[in-house]
Amino acid sequence: MTFGILALVALAGILGPLLAARVSWHVPVVVGELAAGVVFGVTGFGLLDSSDQTFRFLADIGFALTMMVAGSHVPVRDPAVRAAIGKGASRSVVVGLLSVVAGYGAATAFGTGHAALYAVLIASSSAALILPIVDSLALGGTSVLQMTAQVAIADTVCIVALPLVIDPDNAPRAGIGALAVAVSAVALFFVLRAFHRSGHWRKLHKFSEKRKFALELRINLVILFSLAALASSTHVSIMLAGFAFGLVLAAIGEPRRLAKQLFAITDGFFAPLFFVWLGAAINLRDLVTHPSAIWLGLVLGGATLVVHAAIRALGLPLPLGVLSAAQLGVPVAAVTVGTQLGVMGDGEPAAILLAAMITIGAATLAGAAASKAGLTKPV
C-alpha cells in the first residue's frame with residue numbers, strides 16, 4: 001500500500017457522488033464506489049490488490065464505521081415508528097417464513113448448500129438505503145411508518161443472524177461471540193444514557209467545542225474499536241460490533257456535532273475506501289466463466305422482490321413492499337465475511353451483489369411509484 005495507491009482509491013471513491021449527483025436517478029453513492037473498485041480491481045485493470053494487508057485493514061475500519069452509521073439511522077426513538085412496530089413485526093415474520101422457503105429452493109436448485117444464508121439475504125432490508133429514499137420523496141402516512149418499522153426490524157435481525165448462518169460449522173462459537181457483543185452494547189447504552197442525563201456529556205461537548213479537541217469523536221472511536229476488538233477476539237464479524245454501537249447511538253440520540261464528525265470521517269474517506277476495496281475483491285469475471293452465477297443472482301434478486309411484494313396481501317401497498325426489498329448492507333457484509341472465511345463458491349459473491357443491485361433498481365422505481373400514488377406526507 002503506497003500513497004499512489006491511496007490516491008487512486010480516493011479518486012475511485014469520487015465516482016460514487018458523480019453517479020448519485022442526479023437526484024432523479026436515486027442511485028446510492030455506494031454503487032459508483034463498488035463499480036470503481038471493480039474497474040481497478042481483479043475484474044478490471046488489476047491496479048488495486050485487495051489482498052494487501054494494509055488495504056484490507058483500512059477497509060475493515062471502513063466496514064465497522066459504515067455499519068455503525070447504518071445502525072445509527074435506525075429510527076428507534078421515533079414514537080410514530082414505535083407505534084407501528086406491531087404491524088411491522090408481523091410482516092417481518094411473514095417475510096422471514098417466505099424467505100426460508102425461497103432460500104431453500106435457491107440453494108437446492110443451484111446445489112450451493114447455503115439455504116440459511118440465502119434466507120437471511122432474501123429477508124433483509126437496508127434501513128440506511130431505504131430511509132433516504134423515503135425522506136427524499138417525502139413519503140409518509142401510516143403505511144410508510146409500518147414499512148419503516150418492518151425495515152428496521154428486518155435489518156437488525158438479519159445482521160445479527162448473518163454471522164450464525166454464513167459459517168454454520170462455527171455457529172455456536174459465533175453465537176457466544178454475538179451474545180458478548182450484544183451484552184456489551186446494552187451495558188454501553190445504560191452507561192452512556194446515564195452520562196447524558198447527568199449533564200456530564202453536555203459539559204464535555206462544550207469543553208471540546210471550545211478547545212476544538214473533538215473529544216466526542218475520539219471517545220466514540222475508542223468504543224467502536226473496542227467492540228470491534230471484542231468481536232474479532234470471539235470470531236464474530238466486526239459488522240455486528242459496528243451495527244450494535246450504531247443502535248446505541250440511535251437509542252440515546254446522536255449529537256448533531258458528532259453526526260457531522262462521523263459523516264466526515266466515514267463518508268469522506270473510510271466508507272468509500274471500504275466499498276472500493278470490496279469492488280476490487282470481487283471477480284465479476286466469474287459471472288462469465290460460471291454462467292450459473294448470473295442465474296443465481298437473478299433468482300436471489302427476483303425472489304427477494306417477490307417475497308417482499310407478497311406483503312401486499314397483508315395490506316402494505318405494492319410499491320412500499322418492493323421498496324422494502326432494497327438491500328445492500330447485509331449482502332455486502334455476507335460477501336465481505338464470506339470472502340474472508342473462504343466459504344463461498346466460485347461466482348457466488350458476484351451473484352449476491354448482482355441480486356442486491358436488482359433490488360436497488362426495483363426500489364428506486366418503487367419509490368417513484370409510491371410518490372405518484374400519493375403515499376406522501378400531508379402538506
# chains A, B, ... in the order shown; residues from 1 in each chain; ligands from 1
$ residues_around --residues "Ala334 in chain A" --least-positions-apart "4" --cutoff "9 Å" --atoms "only C-alpha atoms" --output "list in words"
Leu117, Leu121, Leu162, Pro163, Ile166, Gly329, Val330, Gly338, Thr339, Pro349 and Ile352 of chain A
$ residues_around --residues "Ala70 in chain A" --least-positions-apart "4" --cutoff "12 Å" --atoms "only C-alpha atoms" --output "MDAnalysis selection string"
chainID A and resid 63:66 74:75 125:132 152 155:156 159 239:250 262:263 266:267 271 328:330
$ closest_residue --among "A:Ala109, A:Leu298, A:Val120, A:Leu139" --to "Ala369 in chain A" --atoms "only C-alpha atoms"
A:Leu139
$ residues_around --residues "Ala362 in chain A" --least-positions-apart "5" --cutoff "12 Å" --atoms "only C-alpha atoms" --output "list in words"
Trp25, His26, Val27, Ile130, Gly301, Gly302, Thr304, Leu305, Val306, His308, Ala309, Leu318, Pro319, Leu320, Gly321, Val322, Leu323, Ser324, Ala325, Ala326, Gln327, Ala355, Ala356, Met357, Gly367, Ala368 and Ala369 of chain A
$ write_last_selection --atoms "C-alpha atoms" --output "short mmCIF file (atom, residue, chain, number, x, y, z; two decimals), in the first residue's frame"
data_model
loop_
_atom_site.label_atom_id
_atom_site.label_comp_id
_atom_site.auth_asym_id
_atom_site.auth_seq_id
_atom_site.Cartn_x
_atom_site.Cartn_y
_atom_site.Cartn_z
CA TRP A 25 -31.97 8.63 -10.54
CA HIS A 26 -31.86 7.83 -6.79
CA VAL A 27 -28.62 5.88 -7.32
CA ILE A 130 -34.49 2.88 2.19
CA GLY A 301 -32.88 -10.80 -6.63
CA GLY A 302 -36.20 -11.91 -8.08
CA THR A 304 -36.35 -11.00 -2.76
CA LEU A 305 -38.71 -8.78 -4.75
CA VAL A 306 -41.46 -11.43 -4.88
CA HIS A 308 -41.42 -8.58 -0.09
CA ALA A 309 -44.11 -7.74 -2.65
CA LEU A 318 -47.27 -2.87 -3.51
CA PRO A 319 -44.79 0.00 -4.16
CA LEU A 320 -43.86 0.04 -0.47
CA GLY A 321 -43.46 -3.74 -0.44
CA VAL A 322 -41.00 -3.56 -3.34
CA LEU A 323 -39.26 -0.58 -1.72
CA SER A 324 -38.78 -2.59 1.48
CA ALA A 325 -36.87 -5.20 -0.55
CA ALA A 326 -33.94 -2.84 -1.14
CA GLN A 327 -30.85 -4.35 0.39
CA ALA A 355 -29.06 -9.67 -6.61
CA ALA A 356 -28.56 -6.61 -4.38
CA MET A 357 -28.25 -4.33 -7.44
CA GLY A 367 -40.18 4.82 -4.56
CA ALA A 368 -41.20 6.93 -7.56
CA ALA A 369 -44.38 4.85 -7.92
#
$ atom_distance --atom1 "CA of Thr142 in chain A" --atom2 "CA of Ala84 in chain A"
7.9 Å
$ residues_around --residues "range 272-274 of chain A" --least-positions-apart "5" --cutoff "6 Å" --atoms "only C-alpha atoms" --output "PyMOL selection string"
chain A and resi 13+59+62
$ atom_distance --atom1 "CA of Asn283 in chain A" --atom2 "CA of Val42 in chain A"
5.8 Å
$ residues_around --residues "Leu287 in chain A" --least-positions-apart "5" --cutoff "6 Å" --atoms "only C-alpha atoms" --output "PyMOL selection string"
chain A and resi 293-294+347
$ write_last_selection --atoms "N, CA and C atoms" --output "PDB file, in the first residue's frame"
ATOM      1  N   ALA A 293     -23.756 -18.455 -12.030  1.00  0.00           N
ATOM      2  CA  ALA A 293     -23.743 -17.379 -11.033  1.00  0.00           C
ATOM      3  C   ALA A 293     -24.688 -16.256 -11.444  1.00  0.00           C
ATOM      4  N   ILE A 294     -24.778 -16.019 -12.759  1.00  0.00           N
ATOM      5  CA  ILE A 294     -25.715 -14.989 -13.236  1.00  0.00           C
ATOM      6  C   ILE A 294     -27.141 -15.399 -12.891  1.00  0.00           C
ATOM      7  N   GLY A 347     -17.981 -17.506  -8.104  1.00  0.00           N
ATOM      8  CA  GLY A 347     -19.047 -16.676  -8.645  1.00  0.00           C
ATOM      9  C   GLY A 347     -20.135 -16.316  -7.666  1.00  0.00           C
TER      10      GLY A 347
END
